[in-house]
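Source file: final20.txt. Holds: compact mmCIF, C-alpha atoms.
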# COMPACT_ATOMS: atom_id res chain seq x y z
CA MET A 138 114.84 154.89 -305.70
CA THR A 139 115.48 157.64 -303.24
CA SER A 140 118.99 157.82 -301.90
CA ASP A 141 117.94 158.51 -298.32
CA GLY A 142 116.74 154.99 -297.70
CA VAL A 143 113.09 155.94 -297.36
CA PRO A 144 110.98 153.33 -299.05
CA ARG A 145 108.84 154.63 -301.83
CA PRO A 146 105.11 154.41 -301.38
CA HIS A 147 103.49 151.54 -303.18
CA ILE A 148 102.08 152.85 -306.41
CA GLY A 149 98.35 152.43 -306.54
CA GLY A 150 98.23 151.50 -302.87
CA SER A 151 95.72 154.18 -302.00
CA ARG A 152 93.52 153.33 -304.94
CA ASN A 153 93.16 149.71 -304.01
CA PRO A 154 94.74 148.76 -300.70
CA ASN A 155 93.41 145.20 -300.88
CA TYR A 156 96.01 143.88 -303.23
CA LEU A 157 98.92 145.87 -301.87
CA PRO A 158 99.05 144.82 -298.26
CA ALA A 159 102.75 144.31 -298.05
CA HIS A 160 104.74 147.22 -296.86
CA ARG A 161 108.24 145.88 -296.73
CA HIS A 162 108.28 145.74 -292.93
CA SER A 163 105.51 143.23 -292.98
CA ASP A 164 107.50 140.77 -295.08
CA SER A 165 106.58 137.43 -293.60
CA LEU A 166 109.17 135.31 -291.87
CA ALA A 167 108.42 132.53 -294.35
CA ASP A 168 109.31 134.86 -297.25
CA VAL A 169 112.50 136.02 -295.57
CA LEU A 170 113.62 132.49 -294.67
CA GLU A 171 112.79 131.18 -298.12
CA ARG A 172 115.03 133.83 -299.64
CA VAL A 173 117.98 134.08 -297.30
CA LEU A 174 118.36 130.32 -296.81
CA ASP A 175 117.65 129.17 -300.32
CA LYS A 176 118.43 131.99 -302.74
CA GLY A 177 121.29 134.40 -303.18
CA ILE A 178 124.75 133.52 -304.30
CA VAL A 179 127.05 131.06 -302.53
CA ILE A 180 130.71 132.05 -302.48
CA ALA A 181 132.50 129.30 -300.63
CA GLY A 182 135.26 130.64 -298.43
CA ASP A 183 137.39 129.08 -295.72
CA ILE A 184 134.38 128.37 -293.51
CA GLN A 185 131.54 126.40 -295.03
CA ILE A 186 128.23 125.92 -293.30
CA ARG A 187 125.13 124.81 -295.10
CA LEU A 188 121.98 125.54 -293.13
CA LEU A 189 118.87 123.46 -293.68
CA ASP A 190 117.20 124.07 -296.96
CA ILE A 191 113.70 125.30 -296.83
CA GLU A 192 112.11 121.89 -297.42
CA LEU A 193 113.88 120.40 -294.45
CA LEU A 194 113.03 123.40 -292.34
CA THR A 195 109.39 123.00 -293.31
CA ILE A 196 109.45 119.35 -292.30
CA LYS A 197 110.96 120.32 -288.95
CA LEU A 198 108.26 122.94 -288.54
CA ARG A 199 105.63 120.33 -289.32
CA LEU A 200 106.99 118.13 -286.57
CA LEU A 201 107.13 121.08 -284.25
CA VAL A 202 103.48 121.86 -284.82
CA ALA A 203 102.44 118.22 -284.80
CA SER A 204 100.35 118.90 -281.74
CA VAL A 205 97.10 120.57 -282.71
CA ASP A 206 97.09 122.90 -279.72
CA ARG A 207 100.63 123.99 -280.42
CA ALA A 208 99.73 124.59 -284.06
CA ARG A 209 96.72 126.72 -283.13
CA GLU A 210 98.91 128.77 -280.80
CA MET A 211 101.16 129.47 -283.77
CA GLY A 212 98.16 130.49 -285.86
CA ILE A 213 98.26 127.43 -288.10
CA ASN A 214 94.86 125.87 -288.66
CA TRP A 215 94.63 125.03 -292.33
CA TRP A 216 92.86 121.74 -291.70
CA GLU A 217 89.93 123.61 -290.17
CA GLU A 218 89.36 125.19 -293.57
CA ASP A 219 89.70 121.96 -295.52
CA ASP A 220 86.38 120.85 -296.95
CA TYR A 221 87.22 117.18 -296.91
CA LEU A 222 88.07 117.27 -293.25
CA THR A 223 85.29 119.54 -292.06
CA GLN A 224 82.40 118.52 -294.27
CA LEU A 225 80.98 115.91 -291.90
CA GLY A 226 81.24 118.19 -288.91
CA GLU A 227 79.57 121.06 -290.71
CA ASP A 228 76.96 119.44 -292.80
CA VAL A 229 75.67 116.32 -291.11
CA ASP A 230 72.74 117.29 -288.98
CA LYS A 231 71.49 115.49 -285.92
CA ASP A 232 68.91 113.43 -287.83
CA GLN A 233 71.49 112.16 -290.24
CA LEU A 234 73.83 111.31 -287.41
CA GLY A 235 71.06 109.46 -285.56
CA ASP A 236 70.22 107.59 -288.74
CA LEU A 237 73.84 106.61 -289.27
CA THR A 238 74.12 105.46 -285.66
CA ARG A 239 71.00 103.27 -286.00
CA ARG A 240 72.31 101.74 -289.21
CA LEU A 241 75.67 101.06 -287.58
CA GLU A 242 74.02 99.41 -284.58
CA ALA A 243 71.89 97.26 -286.85
CA LEU A 244 74.95 96.16 -288.81
CA GLU A 245 76.88 95.38 -285.63
CA GLY A 246 73.96 93.32 -284.37
CA ARG A 247 73.91 91.30 -287.56
CA VAL A 248 77.68 90.71 -287.43
CA THR A 249 77.43 89.47 -283.84
CA GLU A 250 74.51 87.19 -284.66
CA SER A 251 76.22 85.61 -287.62
CA SER A 252 79.50 85.07 -285.78
CA GLN A 253 77.61 83.35 -282.95
CA VAL A 254 75.81 81.10 -285.36
CA GLU A 255 79.00 80.12 -287.15
CA SER A 256 81.46 79.75 -284.30
CA GLY A 257 79.61 77.84 -281.60
CA ARG A 258 79.81 77.97 -277.85
CA VAL A 259 83.54 78.33 -277.15
CA ASP A 260 83.88 81.49 -279.16
CA ARG A 261 80.72 82.95 -277.68
CA GLU A 262 82.25 82.55 -274.24
CA GLY A 263 85.38 84.23 -275.56
CA ALA A 264 83.31 87.10 -276.89
CA ARG A 265 81.52 87.49 -273.57
CA LYS A 266 84.82 87.55 -271.71
CA GLY A 267 86.04 90.20 -274.12
CA GLN A 268 83.04 92.36 -273.36
CA ARG A 269 83.68 92.43 -269.64
CA MET B 226 139.47 142.23 -278.09
CA ASP B 227 137.19 139.21 -278.24
CA GLU B 228 137.58 136.78 -281.11
CA THR B 229 135.47 137.56 -284.19
CA ILE B 230 134.41 135.95 -287.44
CA VAL B 231 133.56 137.80 -290.68
CA HIS B 232 130.02 137.62 -292.04
CA ALA B 233 129.35 138.90 -295.56
CA TYR B 234 125.79 139.97 -296.47
CA GLY B 235 126.11 140.97 -300.08
CA ILE B 236 128.28 142.35 -302.84
CA VAL B 237 128.13 145.82 -304.38
CA ALA B 238 130.22 147.57 -307.01
CA ASP B 239 132.91 149.28 -304.94
CA ASN B 240 132.17 152.87 -305.85
CA GLU B 241 128.67 152.97 -304.41
CA ALA B 242 127.96 154.99 -301.29
CA LEU B 243 126.17 153.27 -298.47
CA ALA B 244 126.36 155.15 -295.22
CA GLU B 245 123.70 154.35 -292.68
CA PHE B 246 123.37 150.59 -292.44
CA PRO B 247 120.98 149.15 -289.89
CA PRO B 248 122.65 146.94 -287.26
CA GLY B 249 123.75 143.56 -288.56
CA ILE B 250 123.53 140.09 -287.06
CA ALA B 251 124.12 140.20 -283.28
CA GLU B 252 123.67 144.00 -283.46
CA THR B 253 127.11 144.41 -285.02
CA ARG B 254 128.27 147.40 -287.06
CA VAL B 255 127.96 146.92 -290.81
CA TRP B 256 130.20 148.51 -293.44
CA VAL B 257 131.44 148.02 -297.00
CA PHE B 258 134.83 146.33 -297.23
CA ASP B 259 136.42 147.33 -300.52
CA THR B 260 138.33 144.70 -302.40
CA ASP B 261 139.73 144.85 -305.89
CA GLY B 262 136.81 146.17 -307.95
CA LEU B 263 134.06 144.92 -305.63
CA GLY B 264 132.68 145.86 -302.22
CA ALA B 265 131.55 143.31 -299.66
CA ILE B 266 128.94 144.31 -297.08
CA VAL B 267 130.32 142.83 -293.87
CA SER B 268 130.25 142.85 -290.10
CA LEU B 269 132.36 141.10 -287.46
CA LEU B 270 130.42 138.59 -285.39
CA PRO B 271 131.57 137.43 -281.96
CA VAL B 272 132.77 133.83 -282.15
CA GLU B 273 131.10 133.40 -278.80
CA GLY B 274 127.49 132.68 -279.83
CA PHE B 275 128.06 132.95 -283.60
CA GLY B 276 130.89 130.51 -284.23
CA VAL B 277 130.58 127.55 -286.57
CA SER B 278 129.19 125.25 -283.87
CA ASP B 279 126.51 127.81 -282.96
CA TRP B 280 125.26 127.96 -286.54
CA GLU B 281 125.20 124.21 -286.80
CA ARG B 282 123.46 123.78 -283.48
CA ASN B 283 120.80 126.37 -284.35
CA ALA B 284 120.22 125.22 -287.94
CA ALA B 285 116.64 124.20 -287.13
CA ASN B 286 116.00 126.54 -284.23
CA VAL B 287 113.32 128.68 -285.80
CA SER B 288 113.43 131.56 -283.35
CA TRP B 289 117.25 131.87 -283.51
CA LEU B 290 117.32 131.41 -287.25
CA GLY B 291 114.38 133.77 -287.74
CA ARG B 292 116.07 136.57 -285.82
CA VAL B 293 119.37 136.15 -287.66
CA ALA B 294 117.60 135.84 -291.02
CA ARG B 295 115.73 139.10 -290.42
CA GLN B 296 118.91 140.96 -289.50
CA HIS B 297 120.68 139.62 -292.58
CA HIS B 298 117.67 140.63 -294.68
CA GLU B 299 117.35 144.14 -293.17
CA VAL B 300 120.95 144.92 -294.13
CA LEU B 301 120.36 143.72 -297.70
CA GLN B 302 117.03 145.55 -297.87
CA TYR B 303 118.71 148.82 -296.95
CA ALA B 304 121.52 148.19 -299.44
CA SER B 305 119.14 147.33 -302.27
CA MET B 306 117.23 150.57 -301.72
CA ASN B 307 120.38 152.53 -302.36
CA ALA B 308 122.57 150.44 -304.61
CA THR B 309 122.73 147.37 -306.79
CA VAL B 310 123.48 144.48 -304.46
CA VAL B 311 124.02 140.78 -305.02
CA PRO B 312 122.70 139.00 -301.90
CA LEU B 313 124.82 136.25 -300.40
CA ARG B 314 123.18 133.21 -298.91
CA LEU B 315 122.95 132.98 -295.13
CA PRO B 316 125.48 132.37 -293.62
CA SER B 317 128.58 133.51 -295.50
CA LEU B 318 131.37 133.25 -292.95
CA TYR B 319 135.09 133.86 -293.31
CA GLN B 320 137.98 133.56 -290.86
CA SER B 321 139.31 136.99 -291.79
CA LEU B 322 138.88 139.92 -294.15
CA GLU B 323 141.96 138.67 -296.01
CA SER B 324 140.37 135.31 -296.72
CA LEU B 325 137.16 137.06 -297.81
CA ALA B 326 139.14 139.24 -300.24
CA ALA B 327 140.86 136.19 -301.70
CA THR B 328 137.53 134.36 -302.12
CA LEU B 329 135.89 137.33 -303.84
CA GLY B 330 138.87 137.71 -306.13
CA ALA B 331 138.40 134.13 -307.31
CA ALA B 332 134.65 134.62 -307.84
CA SER B 333 134.76 138.12 -309.35
CA ASP B 334 133.58 137.04 -312.83
CA ARG B 335 130.40 135.48 -311.45
CA LEU B 336 129.77 138.41 -309.16
CA GLU B 337 130.22 141.00 -311.87
CA ARG B 338 127.92 139.06 -314.18
CA ASP B 339 125.23 139.00 -311.47
CA LEU B 340 125.69 142.71 -310.72
CA GLY B 341 125.14 143.45 -314.40
CA ARG B 342 122.10 141.21 -314.53
CA ILE B 343 120.23 143.06 -311.76
CA GLN B 344 121.52 146.59 -312.39
CA GLY B 345 118.62 149.05 -312.19
CA LYS B 346 116.09 146.34 -311.35
CA VAL B 347 114.28 145.13 -308.25
CA GLU B 348 112.49 141.97 -307.27
CA TRP B 349 108.75 141.90 -306.63
CA ALA B 350 106.94 138.91 -305.22
CA VAL B 351 103.42 137.95 -306.23
CA LYS B 352 101.52 135.17 -304.53
CA ALA B 353 98.15 133.73 -305.38
CA TYR B 354 95.96 131.76 -302.99
CA ARG B 355 92.87 129.69 -303.53
CA THR B 356 90.05 131.22 -301.54
CA ALA B 357 87.36 129.16 -299.85
CA LYS B 358 84.99 130.28 -302.60
CA ALA B 359 86.84 128.23 -305.22
CA ASP B 360 86.60 125.17 -303.00
CA ARG B 361 82.89 124.91 -302.37
CA SER B 362 81.18 122.20 -304.28
CA ALA B 363 78.24 119.86 -303.85
CA VAL B 364 78.02 118.01 -300.60
CA SER B 365 77.90 114.24 -300.69
CA ALA B 366 76.72 113.79 -297.13
CA GLY B 367 73.11 112.82 -296.54
CA SER B 368 73.04 110.16 -299.24
CA ALA B 369 70.50 107.40 -298.75
CA SER B 370 72.90 104.51 -299.15
CA GLY B 371 76.58 103.77 -299.36
CA ARG B 372 76.30 103.37 -303.11
CA ASP B 373 74.60 106.75 -303.53
CA TYR B 374 77.21 108.28 -301.29
CA LEU B 375 80.05 106.92 -303.43
CA ILE B 376 78.41 108.15 -306.62
CA ALA B 377 77.88 111.62 -305.15
CA ARG B 378 81.40 111.61 -303.83
CA SER B 379 82.83 110.73 -307.18
CA ARG B 380 80.81 113.54 -308.77
CA ASP B 381 82.25 115.93 -306.17
CA LEU B 382 85.76 114.80 -306.88
CA SER B 383 85.44 115.25 -310.59
CA ALA B 384 83.97 118.73 -310.08
CA ARG B 385 86.91 119.52 -307.84
CA ASN B 386 89.37 118.35 -310.46
CA THR B 387 87.78 120.64 -313.01
CA VAL B 388 88.02 123.57 -310.59
CA ARG B 389 91.64 122.69 -309.89
CA GLN B 390 92.52 122.63 -313.58
CA GLN B 391 90.82 125.96 -314.18
CA LEU B 392 92.67 127.53 -311.26
CA SER B 393 95.97 126.15 -312.44
CA GLU B 394 95.38 127.52 -315.94
CA GLN B 395 94.44 130.96 -314.55
CA VAL B 396 97.52 131.04 -312.37
CA ARG B 397 99.72 130.19 -315.34
CA GLU B 398 98.14 133.09 -317.22
CA ILE B 399 98.75 135.45 -314.29
CA HIS B 400 102.41 134.43 -314.13
CA ASN B 401 102.86 134.87 -317.88
CA ALA B 402 101.12 138.25 -317.92
CA LEU B 403 103.37 139.54 -315.14
CA GLY B 404 106.37 138.11 -316.98
CA GLU B 405 105.52 140.35 -319.95
CA VAL B 406 106.29 143.42 -317.84
CA SER B 407 109.37 141.87 -316.18
CA ALA B 408 112.96 141.41 -317.26
CA GLU B 409 112.91 137.90 -315.74
CA GLN B 410 110.47 135.83 -313.78
CA VAL B 411 110.53 132.62 -311.77
CA ARG B 412 107.92 130.39 -310.14
CA ASN B 413 109.02 128.99 -306.81
CA GLN B 414 107.55 126.03 -305.02
CA PRO B 415 104.35 127.20 -303.28
CA GLN B 416 104.96 127.56 -299.56
CA ASP B 417 103.78 124.84 -297.26
CA ALA B 418 101.09 125.81 -294.74
CA ALA B 419 103.49 124.91 -291.92
CA LEU B 420 105.82 127.61 -293.16
CA SER B 421 103.41 130.27 -294.38
CA GLY B 422 101.01 129.92 -291.46
CA ARG B 423 98.20 130.64 -293.92
CA SER B 424 95.04 128.62 -294.18
CA GLU B 425 94.56 129.26 -297.90
CA HIS B 426 96.26 126.92 -300.32
CA MET B 427 99.04 128.71 -302.19
CA LEU B 428 98.79 128.43 -305.97
CA LEU B 429 101.52 130.79 -307.11
CA ASN B 430 104.77 131.82 -305.46
CA GLY B 431 106.29 134.01 -308.13
CA ALA B 432 109.27 136.36 -308.19
CA TYR B 433 109.69 139.03 -310.86
CA LEU B 434 112.76 141.03 -311.71
CA VAL B 435 111.35 144.40 -312.72
CA SER B 436 113.21 147.34 -314.19
CA ARG B 437 112.68 150.45 -312.08
CA ALA B 438 111.27 152.15 -315.17
CA ASP B 439 108.54 149.48 -315.40
CA GLU B 440 107.60 149.28 -311.73
CA ALA B 441 104.50 151.47 -311.98
CA ARG B 442 103.25 149.47 -314.94
CA PHE B 443 103.96 146.19 -313.15
CA LEU B 444 102.08 147.21 -310.00
CA GLU B 445 99.17 148.54 -311.99
CA LEU B 446 98.93 145.19 -313.76
CA VAL B 447 99.06 143.35 -310.42
CA GLY B 448 96.17 145.51 -309.28
CA LYS B 449 94.08 144.72 -312.33
CA ILE B 450 94.79 141.02 -312.04
CA ALA B 451 94.01 141.02 -308.33
CA ASP B 452 90.65 142.69 -308.94
CA SER B 453 89.59 140.34 -311.69
CA SER B 454 90.89 137.14 -310.06
CA LEU B 455 88.98 137.50 -306.83
CA ALA B 456 85.71 136.64 -308.52
CA ASN B 457 87.32 133.39 -309.70
CA GLY B 458 88.34 132.44 -306.20
CA ILE B 459 91.96 133.56 -306.46
CA LEU B 460 93.44 135.97 -303.94
CA VAL B 461 96.47 137.85 -305.30
CA GLU B 462 99.02 139.56 -303.05
CA VAL B 463 102.18 141.46 -303.85
CA SER B 464 105.19 142.28 -301.69
CA GLY B 465 108.37 144.17 -302.33
CA PRO B 466 110.56 145.59 -303.53
CA TRP B 467 112.99 142.87 -302.42
CA PRO B 468 116.71 142.58 -302.96
CA ALA B 469 117.16 140.42 -306.06
CA TYR B 470 117.48 137.15 -304.13
CA ASN B 471 115.81 135.12 -306.86
CA PHE B 472 117.89 136.44 -309.74
CA THR B 473 121.45 135.92 -308.62
CA GLY B 474 123.58 132.81 -308.60
CA ASP B 475 121.71 129.73 -309.69
CA ALA B 476 118.51 130.38 -307.69
CA GLU B 477 116.34 130.49 -310.78
CA ALA B 478 117.66 127.25 -312.24
CA ARG B 479 117.12 125.44 -308.95
CA ALA B 480 113.57 126.74 -308.57
CA THR B 481 112.71 125.54 -312.07
CA GLU B 482 114.23 122.17 -311.27
CA ALA B 483 112.24 121.88 -308.03
CA LEU B 484 108.95 122.46 -309.84
CA LYS B 485 109.55 119.68 -312.33
The structure in this file should be written as C-alpha cells.
Amino acid sequence: MTSDGVPRPHIGGSRNPNYLPAHRHSDSLADVLERVLDKGIVIAGDIQIRLLDIELLTIKLRLLVASVDRAREMGINWWEEDDYLTQLGEDVDKDQLGDLTRRLEALEGRVTESSQVESGRVDREGARKGQR
Amino acid sequence: MDETIVHAYGIVADNEALAEFPPGIAETRVWVFDTDGLGAIVSLLPVEGFGVSDWERNAANVSWLGRVARQHHEVLQYASMNATVVPLRLPSLYQSLESLAATLGAASDRLERDLGRIQGKVEWAVKAYRTAKADRSAVSAGSASGRDYLIARSRDLSARNTVRQQLSEQVREIHNALGEVSAEQVRNQPQDAALSGRSEHMLLNGAYLVSRADEARFLELVGKIADSSLANGILVEVSGPWPAYNFTGDAEARATEALK
C-alpha cells in the first residue's frame, strides 16, 4: 500500500469493470453498518453501550419500510421482482382473467343456491338483509 | 472547555506513523494515543449530543447511526491504508484517556494476537446475487382446472428446488476457490433486502483476508469467477480493501455460528 493514503487502483478494473464496481467510497451503508456494529473487537472499558446488532436493526428497518410507498422511496422493491408475487400480474391475460371470473361467479351462484335450499326461509331473509 | 468523552476507533502498534486522519465522529480531531506498546486511534466527543444517553436513544435511528458509522469507518479505512489496524466495534467509549490506557493494558495479549493475525493483509468482500435469469421457470398460470394448476405448480416448485440446489453448490465452490488464495475466509449471513436495498437475492456474503502479495491473484480470480458465473445466473461483486473487521476478535466464530 502507498503511504500517502491514496487508494490503489483496482487491479483488472479497466479490463473488466463489470465485476469491480466498488471503489471504496461507494461502500454501501449496509456493508459499513454490518461491519462496524457487528464485527471488530470489543474491549470493555468503563462505559459500556451495546448498539443493536444487525439482525435487530434489519427488523427495525423492515418495520420502517412496512409501507410500500415508503419502501419504494427508499429504493426497496424486491417483491416486484419476485416471480411468485408477480406471476399472476404478468402472465394472466385478459381472456384468462375473464374465464376465471366467470368460473368464480358460477361457483358463487351454486353456493348461494345450495345454501337457500338447505336453510329455508329465515336464513334467506338474513342473507337478503346482509346484501343491502 | 466543554465536557468530552473518549471514543476509540482502532488499535495500531505504537510505532506506526499516521498523520493525516480524516475528521472523526462529530467532526472531531483524530490522533493516535500511545499507551504501553500499543496505540489507540482516538478522538474526544462532546458529551452534549454524544453522551451515553444519546447513543442509546439513537441506537435504531438509521440516519444518525449511518452518519456516525461512516465517520468511524472512514477513520479506520484511512488507518488500514497506512498501517495494520485492529478495528474496534462501534461505539468504544471511555470516561478518560487514563481509563482507556488501563483497559488496553488489560487486553494487550488479545490485541497483539489480532495485530499479528492481520499483519500485511487486507480484507476483501465478495458478494454473489441470484439474477432474475436463474429464477425463470415454467409458468403454471393458464391451467385448465384446479387440479392441472396444482400439478403444474408442483412441477414448478421442484424445478425451482433443483435450481436452488445448483446455485447453492456453485456458491460454495466460489467461496472455496477464493479461500484457496486467502489466508482466512468467512461466510457471513446474506444481507436482508431491507438492509441491502437490493432486489436480487443475496447468495454469498463472503469476507476474505488476503495477503498483500496475493491481492492481484485474488482479484484476477474474482474476475474469472464473475465472468463464468453470470451465465449461470449468479452476479458476483467485489468491494475493498476493507479494514480487517471480519478477522479480529471473535467475529469469525460468531459468523460461523449464525450460519448454522
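The spacing separating CA of Asp261 in chain B from CA of Asp227 in chain B amounts to 28.3 Å.
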Nearest to chain B, restricted to only C-alpha atoms and choosing among A:Glu242, A:Glu192, A:Asp183, A:Asp236, comes out as A:Asp183
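Going from CA of Ser436 in chain B to CA of Pro468 in chain B covers 12.7 Å.
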Shell of 12 Å around Asn457 in chain B, only C-alpha atoms, local chain residues under 5 positions omitted, as a PyMOL selection string
chain B and resi 353-360+388-389+391-396+450-452
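Among the candidate residues B:Thr309, B:Ser383, B:Gln416, B:Asn471, the one lying nearest to Ile343 in chain B is B:Thr309, with distances computed using only C-alpha atoms.
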Test item: residues at most 9 Å from Arg172 in chain A, all atoms listed in the file, excluding those fewer than 4 positions along its chain, as a PyMOL selection string | (chain A and resi 167-168+176-177) or (chain B and resi 298+314+470-471)
So that I can see what lies close to Ile184 in chain A, please list as a PyMOL selection string the residues with an atom at most 7 Å from it, counting all atoms listed in the file and leaving out residues fewer than 6 positions away in the same chain. chain B and resi 318-320
**Item:** Residue neighbourhood Leu325 in chain B, 12 Å, all atoms listed in the file, exclusion window fewer than 4 positions, as number ranges by chain
**Value:** A: 180-184; B: 230-236, 258-261, 263-268, 317-321, 329-333
Students should find that CA of Gln344 in chain B and CA of Arg442 in chain B are spaced 18.7 Å
Could you give me, as a ChimeraX atom specification, the residues within 7 Å of Trp349 in chain B, counting all atoms listed in the file and dropping anything in the same chain fewer than 4 positions from it?
-> /B:432-434,464-467
